[in-house]
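File shown: my_file_30.tsv (TSV, C-alpha atoms and all ligand atoms).
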chain	number	residue	atom	x	y	z
A	1	MET	CA	4.98	-3.70	14.84
A	2	ASP	CA	5.80	-4.41	11.20
A	3	CYS	CA	2.46	-4.10	9.40
A	4	THR	CA	3.82	-5.23	6.04
A	5	LEU	CA	6.04	-8.25	6.64
A	6	GLY	CA	6.48	-9.09	2.92
A	7	GLY	CA	9.88	-10.72	2.30
A	8	GLY	CA	10.84	-10.08	5.93
A	9	GLY	CA	13.70	-7.64	5.27
A	10	HIS	CA	12.52	-5.02	7.73
A	11	ALA	CA	11.42	-7.66	10.24
A	12	ARG	CA	14.90	-9.18	10.23
A	13	LEU	CA	16.52	-5.80	10.91
A	14	LEU	CA	14.00	-4.98	13.61
A	15	LEU	CA	14.66	-8.34	15.28
A	16	GLU	CA	18.40	-7.66	15.20
A	17	HIS	CA	17.83	-4.37	17.01
A	18	LEU	CA	15.39	-5.59	19.66
A	19	GLY	CA	16.50	-5.30	23.27
A	20	PRO	CA	16.41	-8.42	25.46
A	21	ASP	CA	12.75	-7.79	26.38
A	22	GLY	CA	11.74	-6.42	23.00
A	23	ARG	CA	9.07	-8.11	20.95
A	24	LEU	CA	7.98	-7.79	17.35
A	25	LEU	CA	4.50	-8.29	15.92
A	26	ALA	CA	4.67	-8.68	12.13
A	27	ILE	CA	1.64	-9.05	9.90
A	28	ASP	CA	0.83	-9.40	6.23
A	29	ARG	CA	-2.43	-9.92	4.33
A	30	ASP	CA	-0.68	-12.43	2.17
A	31	ALA	CA	-0.58	-15.89	3.74
A	32	ALA	CA	2.23	-16.89	1.35
A	33	ALA	CA	4.37	-13.98	2.60
A	34	VAL	CA	3.85	-15.01	6.21
A	35	ALA	CA	4.69	-18.65	5.43
A	36	ALA	CA	7.82	-17.64	3.48
A	37	ALA	CA	8.95	-15.29	6.28
A	38	ARG	CA	8.61	-18.14	8.78
A	39	GLU	CA	11.13	-20.05	6.65
A	40	THR	CA	13.56	-17.21	5.93
A	41	LEU	CA	13.53	-15.68	9.41
A	42	GLY	CA	14.00	-19.07	11.00
A	43	ARG	CA	12.92	-19.60	14.58
A	44	VAL	CA	11.66	-16.23	15.73
A	45	GLU	CA	9.45	-17.08	18.70
A	46	PRO	CA	9.25	-15.86	21.44
A	47	ALA	CA	10.66	-12.52	20.23
A	48	ALA	CA	8.42	-12.29	17.19
A	49	THR	CA	4.82	-13.13	16.44
A	50	LEU	CA	3.94	-13.48	12.74
A	51	VAL	CA	0.28	-13.19	11.81
A	52	GLN	CA	-1.70	-13.25	8.58
A	53	GLY	CA	-4.03	-10.29	8.72
A	54	ASN	CA	-4.98	-6.90	7.36
A	55	PHE	CA	-3.34	-3.88	8.94
A	56	ALA	CA	-6.74	-2.19	8.77
A	57	ASP	CA	-7.44	-4.38	11.85
A	58	LEU	CA	-4.09	-3.76	13.50
A	59	ALA	CA	-5.41	-2.61	16.89
A	60	GLN	CA	-7.52	-5.76	17.18
A	61	ILE	CA	-4.68	-8.01	15.99
A	62	ALA	CA	-2.34	-6.37	18.49
A	63	GLN	CA	-4.83	-6.92	21.30
A	64	GLU	CA	-5.45	-10.56	20.35
A	65	THR	CA	-1.72	-11.30	20.30
A	66	GLY	CA	-0.93	-9.58	23.59
A	67	PHE	CA	0.59	-6.40	22.15
A	68	GLU	CA	-1.77	-3.88	23.72
A	69	ARG	CA	0.71	-0.99	23.47
A	70	VAL	CA	3.62	-0.72	21.06
A	71	ASN	CA	6.41	1.80	20.60
A	72	GLY	CA	6.80	1.58	16.85
A	73	VAL	CA	4.56	0.91	13.87
A	74	LEU	CA	5.98	0.51	10.39
A	75	PHE	CA	4.08	0.40	7.10
A	76	ASP	CA	6.01	-0.38	3.90
A	77	LEU	CA	3.16	-0.11	1.43
A	78	GLY	CA	2.48	-1.69	-1.92
A	79	LEU	CA	3.62	-4.98	-3.36
A	80	SER	CA	6.54	-7.19	-2.44
A	81	SER	CA	8.96	-8.39	-5.08
A	82	ASP	CA	7.76	-11.95	-4.38
A	83	GLN	CA	4.20	-10.96	-5.29
A	84	LEU	CA	5.24	-9.01	-8.36
A	85	GLU	CA	7.47	-11.74	-9.70
A	86	ASP	CA	5.00	-14.62	-9.26
A	87	PRO	CA	2.97	-14.81	-12.51
A	88	SER	CA	0.21	-16.82	-10.82
A	89	ARG	CA	-0.65	-13.80	-8.61
A	90	GLY	CA	-1.51	-11.70	-11.66
A	91	PHE	CA	0.23	-8.46	-10.59
A	92	SER	CA	2.69	-8.14	-13.46
A	93	PHE	CA	2.08	-6.95	-17.00
A	94	ARG	CA	5.43	-8.46	-18.01
A	95	LEU	CA	4.56	-12.02	-16.97
A	96	ASP	CA	1.47	-13.81	-18.21
A	97	GLY	CA	-0.90	-15.01	-15.53
A	98	PRO	CA	-4.53	-14.94	-14.42
A	99	LEU	CA	-6.09	-11.53	-13.72
A	100	ASP	CA	-6.03	-11.87	-9.96
A	101	MET	CA	-4.07	-9.12	-8.07
A	102	ARG	CA	-5.44	-10.04	-4.64
A	103	MET	CA	-2.86	-9.68	-1.87
A	104	ASP	CA	-5.08	-11.92	0.24
A	105	VAL	CA	-6.12	-14.82	-1.99
A	106	GLY	CA	-9.11	-15.36	0.32
A	107	ALA	CA	-10.53	-11.92	-0.57
A	108	PRO	CA	-13.73	-12.04	-2.59
A	109	VAL	CA	-13.00	-9.76	-5.57
A	110	SER	CA	-10.24	-10.39	-8.08
A	111	ALA	CA	-9.03	-8.08	-10.87
A	112	ALA	CA	-10.86	-10.28	-13.42
A	113	ARG	CA	-14.20	-9.33	-11.88
A	114	VAL	CA	-13.40	-5.64	-11.88
A	115	VAL	CA	-12.02	-5.67	-15.44
A	116	ASN	CA	-14.89	-7.71	-16.86
A	117	GLU	CA	-17.89	-6.61	-14.80
A	118	LEU	CA	-17.46	-2.96	-13.85
A	119	PRO	CA	-19.41	-0.57	-16.10
A	120	GLU	CA	-17.06	1.12	-18.56
A	121	ARG	CA	-17.55	4.60	-17.07
A	122	GLU	CA	-16.75	3.39	-13.56
A	123	LEU	CA	-13.71	1.55	-14.84
A	124	ALA	CA	-12.48	4.73	-16.53
A	125	ALA	CA	-13.02	6.76	-13.34
A	126	LEU	CA	-11.12	4.18	-11.29
A	127	ILE	CA	-8.16	4.09	-13.71
A	128	ARG	CA	-8.06	7.89	-13.81
A	129	ARG	CA	-8.24	8.35	-10.03
A	130	LEU	CA	-6.05	5.55	-8.71
A	131	GLY	CA	-3.72	5.33	-11.72
A	132	GLU	CA	-3.58	9.07	-12.41
A	133	GLU	CA	-3.84	7.93	-16.03
A	134	ARG	CA	-4.91	10.56	-18.57
A	135	TRP	CA	-5.83	7.91	-21.16
A	136	ALA	CA	-8.28	6.26	-18.76
A	137	VAL	CA	-11.42	6.78	-20.87
A	138	ARG	CA	-9.84	5.22	-23.97
A	139	ILE	CA	-8.32	2.40	-21.94
A	140	ALA	CA	-11.70	1.56	-20.41
A	141	ARG	CA	-13.27	1.60	-23.88
A	142	PHE	CA	-10.65	-0.79	-25.27
A	143	ILE	CA	-11.00	-3.08	-22.26
A	144	ALA	CA	-14.80	-3.15	-22.57
A	145	ALA	CA	-14.55	-3.98	-26.28
A	146	ARG	CA	-12.25	-6.95	-25.60
A	147	ARG	CA	-14.21	-8.52	-22.72
A	148	PRO	CA	-13.89	-11.08	-21.33
A	149	LEU	CA	-10.20	-10.55	-20.54
A	150	ARG	CA	-8.65	-13.44	-18.67
A	151	THR	CA	-4.91	-12.84	-18.41
A	152	THR	CA	-2.47	-10.09	-17.48
A	153	ARG	CA	-1.04	-10.10	-21.02
A	154	GLU	CA	-4.53	-9.65	-22.51
A	155	LEU	CA	-5.10	-6.68	-20.21
A	156	ALA	CA	-1.67	-5.21	-20.99
A	157	GLY	CA	-2.42	-5.68	-24.70
A	158	ALA	CA	-5.70	-3.74	-24.40
A	159	VAL	CA	-3.89	-0.87	-22.65
A	160	GLU	CA	-1.05	-0.87	-25.20
A	161	ALA	CA	-3.61	-0.68	-28.01
A	162	ALA	CA	-5.56	2.12	-26.29
A	163	ILE	CA	-2.66	4.54	-25.83
A	164	PRO	CA	-1.25	5.92	-29.09
A	165	ARG	CA	2.39	4.82	-29.53
A	166	GLY	CA	3.71	8.38	-29.55
A	167	ALA	CA	2.08	8.99	-26.15
A	168	TRP	CA	3.57	5.94	-24.38
A	169	PRO	CA	5.41	7.09	-21.26
A	170	PRO	CA	9.19	7.17	-21.79
A	171	ASP	CA	10.24	5.58	-18.51
A	172	ILE	CA	7.50	3.08	-17.59
A	173	HIS	CA	5.47	0.40	-19.37
A	174	PRO	CA	2.23	1.88	-20.78
A	175	ALA	CA	0.14	-0.49	-18.64
A	176	THR	CA	1.88	0.45	-15.35
A	177	ARG	CA	-0.72	3.00	-14.21
A	178	THR	CA	-3.71	0.84	-15.16
A	179	PHE	CA	-2.31	-2.17	-13.30
A	180	GLN	CA	-1.56	0.00	-10.29
A	181	ALA	CA	-5.10	1.41	-10.26
A	182	LEU	CA	-6.69	-2.05	-10.47
A	183	ARG	CA	-4.42	-3.43	-7.77
A	184	MET	CA	-5.18	-0.53	-5.42
A	185	HIS	CA	-8.91	-0.97	-6.03
A	186	VAL	CA	-8.95	-4.78	-5.68
A	187	ASN	CA	-7.11	-4.51	-2.35
A	188	ASP	CA	-8.81	-1.30	-1.13
A	189	GLU	CA	-5.35	0.04	-0.42
A	190	LEU	CA	-6.33	3.64	0.42
A	191	GLY	CA	-9.19	2.51	2.69
A	192	ASN	CA	-6.93	0.08	4.52
A	193	LEU	CA	-4.22	2.72	4.90
A	194	ALA	CA	-6.70	5.16	6.49
A	195	ARG	CA	-7.90	2.48	8.93
A	196	GLY	CA	-4.33	1.33	9.61
A	197	LEU	CA	-3.17	4.84	10.51
A	198	GLU	CA	-6.12	5.26	12.89
A	199	GLY	CA	-5.27	1.90	14.44
A	200	ALA	CA	-1.62	2.91	14.88
A	201	LEU	CA	-2.70	5.99	16.87
A	202	LYS	CA	-4.71	3.77	19.19
A	203	ILE	CA	-1.92	1.39	20.09
A	204	LEU	CA	1.17	3.62	20.08
A	205	GLU	CA	2.37	4.59	23.51
A	206	PRO	CA	3.52	8.19	24.12
A	207	GLY	CA	6.94	8.69	22.51
A	208	GLY	CA	6.27	5.78	20.14
A	209	ARG	CA	6.71	6.31	16.42
A	210	VAL	CA	4.80	5.50	13.28
A	211	ALA	CA	6.67	5.40	9.97
A	212	VAL	CA	5.14	4.93	6.54
A	213	ILE	CA	6.94	4.21	3.28
A	214	SER	CA	4.69	4.84	0.30
A	215	PHE	CA	5.21	4.53	-3.43
A	216	HIS	CA	2.26	6.45	-4.77
A	217	SER	CA	1.33	10.13	-4.56
A	218	LEU	CA	-2.22	9.34	-3.38
A	219	GLU	CA	-0.85	7.24	-0.51
A	220	ASP	CA	1.80	9.78	0.39
A	221	GLY	CA	-0.82	12.54	0.30
A	222	ALA	CA	-3.10	10.55	2.61
A	223	VAL	CA	-0.25	9.99	5.10
A	224	LYS	CA	0.76	13.65	4.95
A	225	ARG	CA	-2.81	14.84	5.59
A	226	PHE	CA	-3.35	12.36	8.42
A	227	PHE	CA	-0.11	13.37	10.16
A	228	SER	CA	-0.84	17.06	9.68
A	229	GLN	CA	-4.42	16.75	11.01
A	230	GLU	CA	-3.39	14.68	14.02
A	231	SER	CA	-0.64	17.14	14.92
A	232	LYS	CA	-3.14	20.01	15.35
A	233	ASP	CA	-4.99	21.00	18.51
A	234	CYS	CA	-8.08	22.25	16.73
A	235	LEU	CA	-9.68	21.41	13.39
A	236	CYS	CA	-12.36	24.10	13.43
A	237	PRO	CA	-12.68	26.19	10.25
A	238	PRO	CA	-10.24	29.13	10.22
A	239	GLY	CA	-11.81	32.30	11.62
A	240	GLN	CA	-14.16	30.49	14.01
A	241	PRO	CA	-13.79	32.49	17.24
A	242	VAL	CA	-14.15	29.59	19.72
A	243	CYS	CA	-13.07	25.98	19.23
A	244	THR	CA	-16.03	23.61	19.16
A	245	CYS	CA	-14.32	20.49	17.79
A	246	GLY	CA	-12.38	19.58	20.92
A	247	HIS	CA	-9.71	17.89	18.77
A	248	ARG	CA	-6.35	17.50	20.47
A	249	ALA	CA	-2.99	16.84	18.81
A	250	SER	CA	-1.85	13.24	19.23
A	251	LEU	CA	1.18	13.26	16.90
A	252	ARG	CA	4.32	15.32	16.37
A	253	VAL	CA	5.48	15.20	12.76
A	254	LEU	CA	9.16	14.19	12.46
A	255	THR	CA	9.50	14.62	8.69
A	256	ARG	CA	8.38	18.02	7.35
A	257	LYS	CA	9.40	16.75	3.91
A	258	PRO	CA	9.33	13.02	3.08
A	259	VAL	CA	12.65	11.19	3.17
A	260	ARG	CA	13.71	10.02	-0.31
A	261	PRO	CA	16.17	7.24	-1.17
A	262	SER	CA	19.81	8.28	-1.36
A	263	ALA	CA	21.85	7.83	-4.55
A	264	ALA	CA	23.53	4.79	-2.97
A	265	GLU	CA	20.17	3.21	-2.15
A	266	LEU	CA	18.88	3.90	-5.65
A	267	ALA	CA	21.94	2.20	-7.14
A	268	ALA	CA	21.55	-0.84	-4.88
A	269	ASN	CA	17.74	-1.04	-5.11
A	270	PRO	CA	16.24	0.70	-8.17
A	271	ARG	CA	12.69	-0.23	-7.04
A	272	SER	CA	13.08	2.30	-4.23
A	273	ARG	CA	13.00	5.15	-6.76
A	274	SER	CA	9.49	6.38	-5.95
A	275	ALA	CA	9.62	5.61	-2.21
A	276	ARG	CA	8.79	8.34	0.33
A	277	LEU	CA	9.12	7.89	4.07
A	278	ARG	CA	7.13	9.95	6.57
A	279	ALA	CA	7.31	9.52	10.34
A	280	ALA	CA	5.56	10.94	13.38
A	281	GLU	CA	5.79	10.55	17.15
A	282	ARG	CA	2.86	9.87	19.48
A	283	ILE	CA	2.43	12.63	22.02
B	1	LIG	C1	6.61	-3.62	-0.04
B	1	LIG	S1	6.09	-5.13	0.66
B	1	LIG	C2	6.89	-5.19	2.19
B	1	LIG	C3	8.33	-5.62	2.12
B	1	LIG	C4	8.95	-5.82	3.48
B	1	LIG	N1	9.02	-4.58	4.23
B	1	LIG	C5	10.33	-6.43	3.40
B	1	LIG	O1	11.25	-5.90	4.04
B	1	LIG	O2	10.50	-7.43	2.72
B	1	LIG	C6	4.45	-4.82	1.10
B	1	LIG	C7	3.72	-5.97	1.78
B	1	LIG	O3	2.59	-5.42	2.43
B	1	LIG	C8	1.54	-6.32	2.36
B	1	LIG	N2	0.32	-5.55	2.54
B	1	LIG	C9	-0.20	-4.62	1.71
B	1	LIG	N3	-1.36	-4.15	2.20
B	1	LIG	C10	-1.57	-4.79	3.38
B	1	LIG	C11	-2.58	-4.73	4.38
B	1	LIG	N4	-3.64	-3.93	4.25
B	1	LIG	N5	-2.45	-5.49	5.48
B	1	LIG	C12	-1.37	-6.30	5.64
B	1	LIG	N6	-0.39	-6.43	4.71
B	1	LIG	C13	-0.49	-5.67	3.61
B	1	LIG	C14	1.67	-6.94	0.99
B	1	LIG	O4	1.02	-8.20	0.97
B	1	LIG	C15	3.20	-7.03	0.85
B	1	LIG	O5	3.67	-8.30	1.24
Let me see whether you can do it: turn the structure in this file into structure tokens.
Ligand SMILES: C[S@@+](CC[C@H](N)C(=O)[O-])C[C@H]1O[C@@H](n2cnc3c(N)ncnc32)[C@H](O)[C@@H]1O
Amino acid sequence: MDCTLGGGGHARLLLEHLGPDGRLLAIDRDAAAVAAARETLGRVEPAATLVQGNFADLAQIAQETGFERVNGVLFDLGLSSDQLEDPSRGFSFRLDGPLDMRMDVGAPVSAARVVNELPERELAALIRRLGEERWAVRIARFIAARRPLRTTRELAGAVEAAIPRGAWPPDIHPATRTFQALRMHVNDELGNLARGLEGALKILEPGGRVAVISFHSLEDGAVKRFFSQESKDCLCPPGQPVCTCGHRASLRVLTRKPVRPSAAELAANPRSRSARLRAAERI
């Protein structure tokens, strides 16, 4: 199961490696990604089923499409290049577009609502937590003073003005962390990841594997904690003489440390620079 179909790169490789009876279920929240993958992957039925949906609901989607048990679940988190490079989606601070940032354009809350309607203090807390941005309070103040903001360039301009020039990060655009925080909030990315990992446990058959590629320390931390918790037989507080939780390990961690891109991969695909892969096997 490819939970993040995106441009279809992984799906294509998975299809190439399927055995004669193998089947692939690939999903994406973004209807445009699913439509584009139908074109680029060509005729994939009956080996593959492509579905627009949220991986938070993966167990249900799997059941509805006849994939009750699977032996692999892949998450390649974050944005696709297609989403980032389409100005009309509002993900990029380099391209001017509406403040949207919804992966699923049917979702109710866009970035414009968050930027223009969230109380300044809440906006600052969100930018600090999800963007790990130390200038969050000032950024929120500058945003609030310029409301209503309508475009990605207006938002990027507010962030650029809020961070003193000498403190601009050397290697990334000053608005990178703010955009990331808003995008993660608009799409509830951490909440969906937590539900997606739970769902993967439900549908993986013993010996099956779940692999997650993340691009953000909060995501990688969530995956690491989930794998570690689900690989333990008891979650009672240390020192408790008798186990009362009844928790049983359901995963074996395959990657003590996350796998990072090699030098060759970095040269061929610079966007992989912050990628971390973790994998675990269902017991
Ligand atoms: C990094 S891209 C995937 C690229 C893909 N692996 C490829 O080879 O082209 C991430 C994709 O995950 C999708 N996505 C993010 N969160 C999702 C969710 N909760 N449910 C389903 N798809 C999601 C995004 O819409 C995006 O298309």
Near ligand LIG 1 (chain B), 6 Å: chain A residue rows, closest pairs, all atoms listed in the file, as JSON lines:
{"residue": "A:Cys3", "atom": "CA", "partner": "B:LIG1", "partner_atom": "C12", "distance": 5.8}
{"residue": "A:Thr4", "atom": "CA", "partner": "B:LIG1", "partner_atom": "O3", "distance": 3.8}
{"residue": "A:Leu5", "atom": "CA", "partner": "B:LIG1", "partner_atom": "C4", "distance": 4.9}
{"residue": "A:Gly6", "atom": "CA", "partner": "B:LIG1", "partner_atom": "O5", "distance": 3.4}
{"residue": "A:Gly7", "atom": "CA", "partner": "B:LIG1", "partner_atom": "O2", "distance": 3.4}
{"residue": "A:Gly8", "atom": "CA", "partner": "B:LIG1", "partner_atom": "O2", "distance": 4.2}
{"residue": "A:Gly9", "atom": "CA", "partner": "B:LIG1", "partner_atom": "O1", "distance": 3.2}
{"residue": "A:His10", "atom": "CA", "partner": "B:LIG1", "partner_atom": "O1", "distance": 4.0}
{"residue": "A:Ile27", "atom": "CA", "partner": "B:LIG1", "partner_atom": "C12", "distance": 5.9}
{"residue": "A:Asp28", "atom": "CA", "partner": "B:LIG1", "partner_atom": "N6", "distance": 3.6}
{"residue": "A:Arg29", "atom": "CA", "partner": "B:LIG1", "partner_atom": "C12", "distance": 4.0}
{"residue": "A:Asp30", "atom": "CA", "partner": "B:LIG1", "partner_atom": "O4", "distance": 4.7}
{"residue": "A:Ala33", "atom": "CA", "partner": "B:LIG1", "partner_atom": "O5", "distance": 5.9}
{"residue": "A:Gly53", "atom": "CA", "partner": "B:LIG1", "partner_atom": "C12", "distance": 5.7}
{"residue": "A:Asn54", "atom": "CA", "partner": "B:LIG1", "partner_atom": "N5", "distance": 3.5}
{"residue": "A:Phe55", "atom": "CA", "partner": "B:LIG1", "partner_atom": "N5", "distance": 3.9}
{"residue": "A:Ala56", "atom": "CA", "partner": "B:LIG1", "partner_atom": "N4", "distance": 5.8}
{"residue": "A:Asp76", "atom": "CA", "partner": "B:LIG1", "partner_atom": "C1", "distance": 5.1}
{"residue": "A:Leu77", "atom": "CA", "partner": "B:LIG1", "partner_atom": "C6", "distance": 4.9}
{"residue": "A:Gly78", "atom": "CA", "partner": "B:LIG1", "partner_atom": "C6", "distance": 4.8}
{"residue": "A:Leu79", "atom": "CA", "partner": "B:LIG1", "partner_atom": "C6", "distance": 4.5}
{"residue": "A:Ser80", "atom": "CA", "partner": "B:LIG1", "partner_atom": "S1", "distance": 3.7}
{"residue": "A:Met103", "atom": "CA", "partner": "B:LIG1", "partner_atom": "O4", "distance": 5.0}
{"residue": "A:Asn192", "atom": "CA", "partner": "B:LIG1", "partner_atom": "N4", "distance": 5.2}
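Closest approach to Ala62 (chain A) among A:Arg12, A:His247, A:Arg23, A:Arg121: A:Arg23, based on all atoms listed in the file.
Separating CA of Ser92 (chain A) from CA of Ala31 (chain A) is a distance of 19.1 Å.
Going from CA of Arg252 (chain A) to CA of Phe226 (chain A) covers 11.4 Å.
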If I take CA of Glu219 (chain A) and CA of Ala158 (chain A), how far is one from the other in Å, to one decimal? 26.7 Å
Who sits within 10 Å of Arg248 (chain A), all atoms listed in the file, same chain under 3 positions skipped, as an MDAnalysis selection string: chainID A and resid 229:235 245 251
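Here the question is which of A:Thr152, A:Ala35, A:Gly208, A:Ala136 gets nearest to Asp86 (chain A) using all atoms listed in the file, and that residue is A:Thr152.
Minimum atom-to-atom distances from A:Arg134, A:Arg128, A:Arg183, A:Arg271 to Ala111 (chain A) were compared using all atoms listed in the file, and the lowest value belongs to A:Arg183.
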If we count all atoms listed in the file, what is near Thr151 (chain A) at a cut-off of 6 Å, once residues fewer than 6 positions away on the same chain are taken out, given as a PDB file with C-alpha atoms, in the frame of the given file?
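Result file is out.pdb:
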ATOM      1  CA  GLY A  97      -0.900 -15.010 -15.530  1.00  0.00           C
ATOM      2  CA  PRO A  98      -4.530 -14.940 -14.420  1.00  0.00           C
ATOM      3  CA  LEU A  99      -6.090 -11.530 -13.720  1.00  0.00           C
TER       4      LEU A  99
END
Within 12 Å of (3.4, -6.1, -7.5), in the coordinates the file gives, what residues turn up when you count only C-alpha atoms, written out as a ChimeraX atom specification? /A:6,77-95,100-103,176,179-184,187,215,271
